Amino acid sequence: MTGSAGEPVLQRDVTIVNVQGLHARAAKQFVETARRFEAHITVAKGRQIVDAKDIWDVMTLAAERGTALVLRGRGADAEEALDALDALIKAKFHEEQ
Amino acid sequence: MKFRDFLRRDAVVYDMQATDKRAALEELVEALAAVKAVKKSDAPAIVSALVKRENLGSTGIGRGVAVPHARIDCIRKVVGALGRSEAGVPFNALDGKPVHVLFLMLSSPDNTADHLAALERVARILKDETFCRFLRQARGQEDLLDLIDEADQDEESR
């Protein structure tokens with residue numbers, strides 16, 4: 001898979017680990033993090049693919065703990081973006097002990 | 001999950017009177033208490049939980065819509081109320097604008113799946129800007145309920 005500008009699409013498999021799942025506040029943090037980057041980023045849950053920078057989109061994932069998601073990024077800073085989102089998910093959105 | 005699975009049709013407030021956030025939350029919780037969807041004695045604790053959640057970050061996420069919510073022990077099954085304010089309620093929304101449509105959701109701390117499913121349902125229709133405008137411009141209680149029913153029907157016919 002390549003991007004329109006010939007840039008590769010990077011992919012990262014992640015799993016939601018926090019007890020509350022990707023709830024509203026977590027979704028907001030996720031979107032804010034994604035927006036720090038220029039890269040075009042999508043999140044897929046099964047066949048559902050949404051824009052990582054759209055709060056409404058991300059809330060429609062209803063991703064519970066244990067849900068596998070696939071992050072895809074395209075653009076100069078795609079790798080950094082995926083790293084940041086991956087870290088945020090692993091850090092349980094900084095809200096649990 | 002459909003709206004009919006959690007949204008109380010008898011707790012739809014077409015013409016909210018509240019002019020600030022706390023009063024708006026109280027008004028919708030009172031609407032739920034009035035139809036015994038929550039206990040009257042639990043109302044203050046529910047309002048506190050909603051306010052506490054708002055203090056972590058406004059649930060006014062744009063388009064004139066807010067989704068105040070709380071997970072609280074006195075709630076077993078996810079339940080929701082809908083409010084519409086003609087004048088708009090200041091809500092510290094992300095876009096700074098007052099909110100005109102409020103979907104209030106209460107759920108059990110033990111049932112994350114239902115909470116996320118209800119949130120997903122609300123987010124999916126509110127993604128549609130036209131639908132947000134329709135809700136805001138609804139001409140009465142029945143009109144508001146018809147819009148919600150249509151949203152559920154669209155979902156079924158997909």
# chains A, B, ... in the order shown; residues from 1 in each chain; ligands from 1
call {"tool": "closest_atom_pairs", "arguments": {"of": "chain B", "to": "chain A", "cutoff": "8 Å", "atoms": "only C-alpha atoms", "output": "JSON lines"}}
result
{"residue": "B:Gly57", "atom": "CA", "partner": "A:Arg25", "partner_atom": "CA", "distance": 7.5}
{"residue": "B:Thr59", "atom": "CA", "partner": "A:Ala24", "partner_atom": "CA", "distance": 7.9}
{"residue": "B:Ile61", "atom": "CA", "partner": "A:Ile55", "partner_atom": "CA", "distance": 7.9}
{"residue": "B:Thr112", "atom": "CA", "partner": "A:Gln20", "partner_atom": "CA", "distance": 5.9}
{"residue": "B:Ala113", "atom": "CA", "partner": "A:Glu64", "partner_atom": "CA", "distance": 6.5}
{"residue": "B:Leu116", "atom": "CA", "partner": "A:Ala62", "partner_atom": "CA", "distance": 5.0}
{"residue": "B:Ala117", "atom": "CA", "partner": "A:Ala62", "partner_atom": "CA", "distance": 5.9}
{"residue": "B:Leu119", "atom": "CA", "partner": "A:Met59", "partner_atom": "CA", "distance": 6.9}
{"residue": "B:Glu120", "atom": "CA", "partner": "A:Thr60", "partner_atom": "CA", "distance": 4.2}
{"residue": "B:Arg121", "atom": "CA", "partner": "A:Thr60", "partner_atom": "CA", "distance": 7.1}
{"residue": "B:Ala123", "atom": "CA", "partner": "A:Trp56", "partner_atom": "CA", "distance": 5.3}
{"residue": "B:Arg124", "atom": "CA", "partner": "A:Thr60", "partner_atom": "CA", "distance": 5.8}
{"residue": "B:Leu126", "atom": "CA", "partner": "A:Trp56", "partner_atom": "CA", "distance": 7.3}
{"residue": "B:Lys127", "atom": "CA", "partner": "A:Trp56", "partner_atom": "CA", "distance": 5.6}
call {"tool": "residues_around", "arguments": {"residues": "segment 44-49 of chain A", "least_positions_apart": "6", "cutoff": "7 Å", "atoms": "only C-alpha atoms", "output": "number ranges by chain"}}
result
A: 61, 68-71
call {"tool": "select_by_dssp", "arguments": {"residues": "chain B", "states": "helix (DSSP H, G or I)", "output": "ChimeraX atom specification"}}
result
/B:3-5,21-34,40-55,112-126,129-136,141-156
call {"tool": "residues_around", "arguments": {"residues": "Leu106 of chain B", "least_positions_apart": "4", "cutoff": "6 Å", "atoms": "only C-alpha atoms", "output": "JSON, numbers by chain"}}
result
{"B": [69, 70, 71, 78, 79]}
call {"tool": "select_by_dssp", "arguments": {"residues": "chain B", "states": "strand (DSSP E or B)", "output": "ChimeraX atom specification"}}
result
/B:7-13,60-62,65-66,69-71,79-89,99-107
call {"tool": "closest_residue", "arguments": {"among": "B:Met105, B:Leu94, B:Ile125, B:Met16", "to": "Arg53 of chain B", "atoms": "only C-alpha atoms"}}
result
B:Met105
call {"tool": "residues_around", "arguments": {"residues": "Glu80 of chain A", "least_positions_apart": "6", "cutoff": "10 Å", "atoms": "only C-alpha atoms", "output": "MDAnalysis selection string"}}
result
chainID A and resid 34 37 39 73 86
call {"tool": "residues_around", "arguments": {"residues": "Val89 of chain B", "least_positions_apart": "5", "cutoff": "8 Å", "atoms": "only C-alpha atoms", "output": "tab-separated table (two decimals) with N, CA and C atoms, in the first residue's frame"}}
result
chain	number	residue	atom	x	y	z
B	18	ALA	N	-32.53	25.97	31.84
B	18	ALA	CA	-31.24	26.26	32.48
B	18	ALA	C	-30.41	27.23	31.65
B	19	THR	N	-29.67	28.08	32.36
B	19	THR	CA	-28.81	29.03	31.66
B	19	THR	C	-27.33	28.84	32.02
B	20	ASP	N	-27.05	27.84	32.86
B	20	ASP	CA	-25.64	27.50	33.08
B	20	ASP	C	-25.50	25.98	33.14
B	21	LYS	N	-24.25	25.56	33.12
B	21	LYS	CA	-23.95	24.14	32.99
B	21	LYS	C	-24.56	23.30	34.12
B	24	ALA	N	-28.22	23.01	33.95
B	24	ALA	CA	-28.63	22.16	32.82
B	24	ALA	C	-28.53	20.68	33.20
B	98	PRO	N	-21.88	27.98	22.90
B	98	PRO	CA	-22.87	27.39	23.80
B	98	PRO	C	-23.46	26.12	23.20
B	99	VAL	N	-23.99	25.25	24.06
B	99	VAL	CA	-24.58	24.02	23.53
B	99	VAL	C	-26.11	24.14	23.50
B	100	HIS	N	-26.66	23.57	22.47
B	100	HIS	CA	-28.11	23.60	22.27
B	100	HIS	C	-28.74	22.22	22.40
call {"tool": "closest_residue", "arguments": {"among": "A:Thr67, A:Leu88, A:Gly75, A:Asp13", "to": "Val31 of chain A", "atoms": "only C-alpha atoms"}}
result
A:Leu88
call {"tool": "residues_around", "arguments": {"residues": "segment 147-155 of chain B", "least_positions_apart": "6", "cutoff": "8 Å", "atoms": "only C-alpha atoms", "output": "list in words"}}
result
Lys2, Phe3, Arg4, Ile125, Phe134 and Leu135 of chain B
call {"tool": "atom_distance", "arguments": {"atom1": "atom CA of Ala66 of chain B", "atom2": "atom CA of Leu25 of chain B"}}
result
10.8 Å
call {"tool": "closest_residue", "arguments": {"among": "B:Lys97, B:Cys74, B:Val65, B:Ser107", "to": "Glu129 of chain B", "atoms": "only C-alpha atoms"}}
result
B:Val65
call {"tool": "residues_around", "arguments": {"residues": "Gln141 of chain B", "least_positions_apart": "2", "cutoff": "9 Å", "atoms": "only C-alpha atoms", "output": "list in words"}}
result
Val12, Val13, Tyr14, Asp15, Ala138, Arg139, Asp143, Leu144, Leu145 and Asp146 of chain B
call {"tool": "write_last_selection", "arguments": {"atoms": "C-alpha atoms", "output": "tab-separated table (two decimals), in the first residue's frame"}}
result
chain	number	residue	atom	x	y	z
B	12	VAL	CA	-36.79	14.49	26.55
B	13	VAL	CA	-36.81	18.16	27.45
B	14	TYR	CA	-37.65	20.19	24.39
B	15	ASP	CA	-37.34	23.61	25.95
B	138	ALA	CA	-36.83	20.78	16.12
B	139	ARG	CA	-40.23	22.39	16.46
B	143	ASP	CA	-40.44	16.54	16.31
B	144	LEU	CA	-37.40	15.80	18.46
B	145	LEU	CA	-38.59	12.25	19.17
B	146	ASP	CA	-39.35	11.68	15.47
call {"tool": "closest_residue", "arguments": {"among": "B:Arg22, B:Arg84, B:His115, B:Arg136", "to": "Lys52 of chain B", "atoms": "only C-alpha atoms"}}
result
B:Arg22
call {"tool": "closest_residue", "arguments": {"among": "B:Leu82, B:Ala93, B:Ala87, B:Leu102", "to": "Phe6 of chain B", "atoms": "only C-alpha atoms"}}
result
B:Leu82
call {"tool": "atom_distance", "arguments": {"atom1": "atom CA of Phe91 of chain B", "atom2": "atom CA of Ser58 of chain B"}}
result
6.9 Å
